[in-house]
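Here the structure is laid out as structure tokens; the discussion comes afterwards.
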Amino acid sequence: MTDFTLHTVDSAPQEAKERLESTQEQMGFLPNLFAKMAEAPALLEAYQTLDGIYSRTSLTPAQQQVALLAISSVNGCSFCVAAHTGGANAAKVPEGDIEKLRELQNPDDPKLNAVARFAKHLVEARGWAEDGEVQAFLEAGFEKQQLLELVIAVSLKTLSNYTNHIAGTPLNDELKSLEWQDPRA
């Protein structure tokens, strides 16, 4: 595996320093994902910008986190599953539903189930969503807007999941209690 630098604010390329400083101030630590993304400042900017856009979608914070957790689980991204487990906890997703997502199952809550199911389907079908899956999502009480907003979630997780896979991102100590092992491994 090619070795990618786990940057600090000091070692990062100049174009990434301000973003890393801001993140560290906001979160109280520097997520290793961002420390690896700093190698390509445009990637770091793309991820953080798209994350900001995703946070403003019409999906609730819980629905947003369920989608990100479901996608990361399907993609086998240990770092992002841990991070979005924390995000799902903060968004008040029921603990049992979080555990189901970590086990590659769908939540019991009907709305969260529909989000997870469709998000995973989008990934597995590489965007070629089956009409029955589209209809099931809409029949669960969602709008076409929210269906398309899940494309943002897939895009966001493609950026981070693929970066973590390529760069071998280690889990931060701050996330160790949320560590995840892919049950398919």
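Residues in the structure tokens are named by chain (A, B, ... in the order shown) and by number from 1 within that chain; ligands are numbered from 1 in the order shown.
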Apply DSSP to the structure's backbone, then extract all residues of region 1-183 of chain A labelled alpha helix (DSSP H) and return them as a PyMOL selection string.
chain A and resi 14-27+32-37+41-54+61-74+78-90+95-102+110-124+131-139+144-167
Leu59 (chain A) surroundings by only C-alpha atoms, 9 Å radius, close-in-sequence under 5 positions cut, as JSON, numbers by chain:
{"A": [54, 64, 146, 149, 150]}
Please report the interatomic distance between CA of Ala167 (chain A) and CA of Thr5 (chain A) in Å with one decimal.
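Calculated distance between CA of Ala167 (chain A) and CA of Thr5 (chain A) is 8.4 Å.
All residues of protein, DNA or RNA that reach within 8 Å of region 100-108 of chain A, judged by only C-alpha atoms and not counting those fewer than 2 positions away in the chain, are A:Val66, A:Leu69, A:Ala70, A:Ser73, A:Val74, A:Val81, A:Gly96, A:Asp97, A:Ile98, A:Pro110, A:Leu112, A:Asn113, A:Ala116, A:Arg117, A:Trp180, A:Asp182, A:Pro183.
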For the atom pair CA of Leu178 (chain A) and CA of Ala88 (chain A), what is the interatomic distance in Å to one decimal place?
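If I compute the distance from CA of Leu178 (chain A) to CA of Ala88 (chain A), I get 11.3 Å.
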If you count only C-alpha atoms, which residues fall within 10 Å of Arg19 (chain A), apart from same-chain ones fewer than 3 positions away, as a ChimeraX atom specification?
/A:9,14-16,22-25,34,38,41,44-45,48
Applying 12 Å and only C-alpha atoms, which residues near Ala129 (chain A) remain after dropping the ones on its own chain fewer than 4 positions away? List them as a VMD selection string.
chain A and resid 117 to 125 133 to 137 147 to 148 150 to 151
So, counting only C-alpha atoms, which residue among A:Gln26, A:Gln181, A:Ser78, A:Ser160 is closest to Leu50 (chain A)?
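Checking each candidate against Leu50 (chain A), we get A:Ser160 as the closest.
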Spatial neighbours of Gln65 (chain A), max dist 9 Å, only C-alpha atoms, sep filter under 2 positions, as a VMD selection string:
chain A and resid 60 to 63 67 to 70 84 to 85 87 to 89 91 93
Please save all heavy atoms of the selected residues as a tab-separated table (two decimals), in the first residue's frame.
chain	number	residue	atom	x	y	z
A	60	THR	N	-33.95	15.07	7.52
A	60	THR	CA	-33.66	15.42	8.91
A	60	THR	C	-32.22	15.03	9.25
A	60	THR	O	-31.62	14.19	8.57
A	60	THR	CB	-34.61	14.68	9.88
A	60	THR	OG1	-34.29	13.28	9.85
A	60	THR	CG2	-36.08	14.92	9.55
A	61	PRO	N	-31.65	15.60	10.31
A	61	PRO	CA	-30.31	15.19	10.71
A	61	PRO	C	-30.21	13.67	10.94
A	61	PRO	O	-29.21	13.05	10.56
A	61	PRO	CB	-30.05	15.97	12.00
A	61	PRO	CG	-30.85	17.23	11.80
A	61	PRO	CD	-32.11	16.75	11.10
A	62	ALA	N	-31.23	13.07	11.53
A	62	ALA	CA	-31.20	11.61	11.74
A	62	ALA	C	-31.20	10.88	10.40
A	62	ALA	O	-30.44	9.92	10.21
A	62	ALA	CB	-32.39	11.17	12.59
A	63	GLN	N	-32.03	11.31	9.48
A	63	GLN	CA	-32.08	10.68	8.15
A	63	GLN	C	-30.76	10.85	7.42
A	63	GLN	O	-30.27	9.92	6.76
A	63	GLN	CB	-33.24	11.24	7.33
A	63	GLN	CG	-34.59	10.86	7.88
A	63	GLN	CD	-35.73	11.71	7.33
A	63	GLN	OE1	-35.53	12.69	6.62
A	63	GLN	NE2	-36.96	11.31	7.66
A	67	ALA	N	-28.34	7.65	6.31
A	67	ALA	CA	-27.88	7.43	4.94
A	67	ALA	C	-26.36	7.30	4.89
A	67	ALA	O	-25.82	6.37	4.27
A	67	ALA	CB	-28.34	8.57	4.03
A	68	LEU	N	-25.65	8.19	5.58
A	68	LEU	CA	-24.19	8.16	5.56
A	68	LEU	C	-23.65	6.89	6.23
A	68	LEU	O	-22.68	6.29	5.75
A	68	LEU	CB	-23.63	9.41	6.25
A	68	LEU	CG	-24.00	10.74	5.59
A	68	LEU	CD1	-23.50	11.91	6.43
A	68	LEU	CD2	-23.48	10.83	4.16
A	69	LEU	N	-24.29	6.47	7.30
A	69	LEU	CA	-23.88	5.25	7.99
A	69	LEU	C	-24.16	4.02	7.14
A	69	LEU	O	-23.32	3.11	7.02
A	69	LEU	CB	-24.58	5.17	9.35
A	69	LEU	CG	-24.23	4.01	10.27
A	69	LEU	CD1	-22.74	3.88	10.50
A	69	LEU	CD2	-24.97	4.17	11.60
A	70	ALA	N	-25.33	3.98	6.50
A	70	ALA	CA	-25.67	2.84	5.64
A	70	ALA	C	-24.72	2.73	4.47
A	70	ALA	O	-24.22	1.63	4.15
A	70	ALA	CB	-27.11	2.99	5.14
A	84	HIS	N	-19.79	8.10	11.67
A	84	HIS	CA	-21.23	8.30	11.52
A	84	HIS	C	-22.05	7.58	12.58
A	84	HIS	O	-23.21	7.93	12.79
A	84	HIS	CB	-21.68	7.99	10.10
A	84	HIS	CG	-21.11	8.96	9.13
A	84	HIS	ND1	-21.42	10.30	9.17
A	84	HIS	CD2	-20.20	8.81	8.13
A	84	HIS	CE1	-20.73	10.92	8.23
A	84	HIS	NE2	-19.99	10.04	7.59
A	85	THR	N	-21.44	6.64	13.29
A	85	THR	CA	-22.09	6.10	14.48
A	85	THR	C	-22.20	7.23	15.50
A	85	THR	O	-23.26	7.43	16.11
A	85	THR	CB	-21.30	4.90	15.05
A	85	THR	OG1	-21.32	3.84	14.09
A	85	THR	CG2	-21.89	4.42	16.36
A	87	GLY	N	-22.18	10.41	14.77
A	87	GLY	CA	-23.13	11.37	14.20
A	87	GLY	C	-24.56	10.93	14.40
A	87	GLY	O	-25.45	11.75	14.70
A	88	ALA	N	-24.81	9.64	14.23
A	88	ALA	CA	-26.17	9.11	14.41
A	88	ALA	C	-26.59	9.21	15.88
A	88	ALA	O	-27.75	9.54	16.18
A	88	ALA	CB	-26.24	7.66	13.92
A	89	ASN	N	-25.67	8.95	16.78
A	89	ASN	CA	-25.96	9.13	18.21
A	89	ASN	C	-26.33	10.58	18.50
A	89	ASN	O	-27.32	10.85	19.18
A	89	ASN	CB	-24.76	8.72	19.07
A	89	ASN	CG	-24.65	7.23	19.25
A	89	ASN	OD1	-25.64	6.53	19.38
A	89	ASN	ND2	-23.42	6.73	19.26
A	91	ALA	N	-27.55	12.72	16.48
A	91	ALA	CA	-28.82	13.04	15.82
A	91	ALA	C	-29.99	12.29	16.43
A	91	ALA	O	-31.11	12.34	15.91
A	91	ALA	CB	-28.72	12.75	14.32
A	93	VAL	N	-30.63	9.04	16.64
A	93	VAL	CA	-31.11	7.82	15.99
A	93	VAL	C	-31.17	6.75	17.08
A	93	VAL	O	-30.22	6.63	17.87
A	93	VAL	CB	-30.15	7.40	14.85
A	93	VAL	CG1	-30.56	6.06	14.26
A	93	VAL	CG2	-30.11	8.48	13.76
Nearest residue to Ser177 (chain A) from the set A:Met27, A:Val115, A:Ala83, A:Val154 (distances using only C-alpha atoms):
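Result for the nearest residue to Ser177 (chain A): A:Ala83.
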Give me the residues near region 31-33 of chain A as a ChimeraX atom specification, where near means some atom within 7 Å (using only C-alpha atoms) and where sequence neighbours in that chain fewer than 5 positions away do not count.
/A:6,164,169-172
Report, in Å to a single decimal, how far apart CA of Leu156 (chain A) and CA of Ala46 (chain A) are.
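Taking CA of Ala46 (chain A) as the start and CA of Leu156 (chain A) as the end point, the length is 8.9 Å.
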